[in-house]
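For reference, the structure discussed in these notes is given below.
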Amino acid sequence: APASNVWLAVKSVYAEMEIPLTVDNQATHQLGNQNFFKTRVLGGQPMPQFVDCGSGMTGPKSLTYRIYISLLTQVTPNPNGTTTVQTTFVPMGQDVSAGSSDRIPCGSTGRYEQLFLDKVKATLGKP
């Protein structure tokens, strides 16, 4: 799809997933938010579907931790009229129940990036 259509679809998916846009720069082809947090659920799914912070005595830490996320999407037009979409998802966890102010690095399962891309394609009406 043309970059202008993809740009609008990406913005729509951010709104649908309830992620506030703090980066909206068409000149650099970048949309997203470099620092927001969610707890327990992201995109209507349990956090452990998308984020791995390890496990504790009660199960996956990502289910109880506050998860800080940097989510940026690059929308790059290609010379042939198509568009490349690249999403970078970087989660960090914080154990707020223990009163900790330290954030620990967490990993992505890769599922969020795929869900995001699938939603962009669905918004565009592409298979």
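Chain labels A, B, ... are given in the sequence in which chains occur in the structure tokens; within each chain residues are numbered consecutively from 1, and ligands are likewise numbered from 1 in the order shown.
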
Give me the residues near Thr39 in chain A as an mmCIF file with all heavy atoms, in the first residue's frame, where near means some atom within 10 Å (using only C-alpha atoms) and where sequence neighbours in that chain fewer than 3 positions away do not count.
data_model
loop_
_atom_site.group_PDB
_atom_site.id
_atom_site.type_symbol
_atom_site.label_atom_id
_atom_site.label_comp_id
_atom_site.auth_asym_id
_atom_site.auth_seq_id
_atom_site.Cartn_x
_atom_site.Cartn_y
_atom_site.Cartn_z
ATOM 1 N N LEU A 42 -1.826 -5.901 27.511
ATOM 2 C CA LEU A 42 -1.385 -5.044 26.407
ATOM 3 C C LEU A 42 -2.140 -5.493 25.161
ATOM 4 O O LEU A 42 -2.151 -6.676 24.830
ATOM 5 C CB LEU A 42 0.122 -5.171 26.194
ATOM 6 C CG LEU A 42 0.724 -4.355 25.063
ATOM 7 C CD1 LEU A 42 0.551 -2.849 25.312
ATOM 8 C CD2 LEU A 42 2.203 -4.674 24.892
ATOM 9 N N PRO A 46 -3.067 -10.873 27.771
ATOM 10 C CA PRO A 46 -2.227 -10.913 28.966
ATOM 11 C C PRO A 46 -0.770 -10.566 28.621
ATOM 12 O O PRO A 46 -0.241 -11.018 27.606
ATOM 13 C CB PRO A 46 -2.329 -12.359 29.448
ATOM 14 C CG PRO A 46 -3.519 -12.932 28.754
ATOM 15 C CD PRO A 46 -3.694 -12.152 27.483
ATOM 16 N N MET A 47 -0.148 -9.753 29.448
ATOM 17 C CA MET A 47 1.218 -9.286 29.192
ATOM 18 C C MET A 47 2.214 -10.405 28.887
ATOM 19 O O MET A 47 3.061 -10.236 28.000
ATOM 20 C CB MET A 47 1.693 -8.445 30.386
ATOM 21 C CG MET A 47 2.957 -7.667 30.123
ATOM 22 S SD MET A 47 2.793 -6.371 28.872
ATOM 23 C CE MET A 47 1.854 -5.144 29.788
ATOM 24 N N SER A 62 6.096 -10.582 34.256
ATOM 25 C CA SER A 62 5.441 -9.562 33.427
ATOM 26 C C SER A 62 3.953 -9.429 33.749
ATOM 27 O O SER A 62 3.326 -8.438 33.374
ATOM 28 C CB SER A 62 5.637 -9.851 31.941
ATOM 29 O OG SER A 62 5.036 -11.070 31.582
ATOM 30 N N LEU A 63 3.404 -10.396 34.460
ATOM 31 C CA LEU A 63 1.993 -10.329 34.837
ATOM 32 C C LEU A 63 1.773 -9.430 36.055
ATOM 33 O O LEU A 63 0.695 -8.866 36.221
ATOM 34 C CB LEU A 63 1.456 -11.738 35.116
ATOM 35 C CG LEU A 63 -0.050 -11.922 35.095
ATOM 36 C CD1 LEU A 63 -0.661 -11.392 33.806
ATOM 37 C CD2 LEU A 63 -0.397 -13.384 35.269
ATOM 38 N N THR A 64 2.802 -9.261 36.872
ATOM 39 C CA THR A 64 2.658 -8.444 38.077
ATOM 40 C C THR A 64 3.495 -7.166 38.036
ATOM 41 O O THR A 64 3.225 -6.235 38.786
ATOM 42 C CB THR A 64 3.040 -9.251 39.335
ATOM 43 O OG1 THR A 64 4.368 -9.739 39.191
ATOM 44 C CG2 THR A 64 2.076 -10.408 39.545
ATOM 45 N N TYR A 65 4.499 -7.122 37.193
ATOM 46 C CA TYR A 65 5.357 -5.935 37.102
ATOM 47 C C TYR A 65 4.675 -4.834 36.289
ATOM 48 O O TYR A 65 3.816 -5.099 35.449
ATOM 49 C CB TYR A 65 6.678 -6.274 36.398
ATOM 50 C CG TYR A 65 7.717 -6.937 37.257
ATOM 51 C CD1 TYR A 65 7.387 -7.613 38.434
ATOM 52 C CD2 TYR A 65 9.048 -6.912 36.882
ATOM 53 C CE1 TYR A 65 8.362 -8.222 39.198
ATOM 54 C CE2 TYR A 65 10.025 -7.523 37.643
ATOM 55 C CZ TYR A 65 9.685 -8.175 38.804
ATOM 56 O OH TYR A 65 10.637 -8.780 39.552
ATOM 57 N N ARG A 66 5.080 -3.604 36.536
ATOM 58 C CA ARG A 66 4.727 -2.497 35.639
ATOM 59 C C ARG A 66 5.712 -2.593 34.476
ATOM 60 O O ARG A 66 6.917 -2.629 34.684
ATOM 61 C CB ARG A 66 4.882 -1.164 36.369
ATOM 62 C CG ARG A 66 4.568 0.032 35.460
ATOM 63 C CD ARG A 66 4.717 1.341 36.204
ATOM 64 N NE ARG A 66 3.668 1.439 37.210
ATOM 65 C CZ ARG A 66 3.721 2.277 38.239
ATOM 66 N NH1 ARG A 66 4.764 3.058 38.420
ATOM 67 N NH2 ARG A 66 2.720 2.315 39.113
ATOM 68 N N ILE A 67 5.178 -2.660 33.272
ATOM 69 C CA ILE A 67 6.017 -2.833 32.084
ATOM 70 C C ILE A 67 6.126 -1.492 31.348
ATOM 71 O O ILE A 67 5.130 -0.967 30.849
ATOM 72 C CB ILE A 67 5.462 -3.915 31.145
ATOM 73 C CG1 ILE A 67 5.264 -5.245 31.899
ATOM 74 C CG2 ILE A 67 6.381 -4.099 29.935
ATOM 75 C CD1 ILE A 67 6.520 -5.851 32.500
ATOM 76 N N TYR A 68 7.339 -0.954 31.329
ATOM 77 C CA TYR A 68 7.630 0.270 30.584
ATOM 78 C C TYR A 68 8.028 -0.151 29.174
ATOM 79 O O TYR A 68 8.794 -1.098 28.998
ATOM 80 C CB TYR A 68 8.757 1.057 31.244
ATOM 81 C CG TYR A 68 8.324 1.709 32.529
ATOM 82 C CD1 TYR A 68 8.393 1.031 33.735
ATOM 83 C CD2 TYR A 68 7.807 3.006 32.528
ATOM 84 C CE1 TYR A 68 7.971 1.626 34.915
ATOM 85 C CE2 TYR A 68 7.382 3.600 33.706
ATOM 86 C CZ TYR A 68 7.467 2.906 34.890
ATOM 87 O OH TYR A 68 7.044 3.493 36.047
ATOM 88 N N GLY A 93 10.815 -4.029 32.891
ATOM 89 C CA GLY A 93 9.893 -4.310 33.983
ATOM 90 C C GLY A 93 10.312 -3.649 35.283
ATOM 91 O O GLY A 93 11.496 -3.461 35.538
#

Filtered DSSP result for chain A, state strand (DSSP E or B), as a count of residues only:
51

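Considering the residues A:Thr84, A:Ile19, A:Gly59, A:Asp24 and counting only C-alpha atoms, Gly44 in chain A has its shortest atom-to-atom contact with A:Ile19.
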
May I have the residues within 6 Å of Val23 in chain A as a list in words, using only C-alpha atoms and disregarding those fewer than 3 positions away in the same chain?
Leu31, Gly32 and Asn33 of chain A

Which of these residues is nearest to Glu18 in chain A, using only C-alpha atoms: A:Val41, A:Ala98, A:Ala1, A:Val90?
A:Val41

Which residues are near Gln34 in chain A? Cut-off 8 Å, only C-alpha atoms, ignore same chain within fewer than 2 positions. Put them as an MDAnalysis selection string.
chainID A and resid 22:23 32 36 69:72

Correct to one decimal, the distance CA of Pro79 in chain A-CA of Ser4 in chain A is 13.7 Å

Which residue gives the smallest distance to Ala27 in chain A among A:Thr76, A:Ser12, A:Gln49, A:Thr58, with only C-alpha atoms counted?
A:Thr76
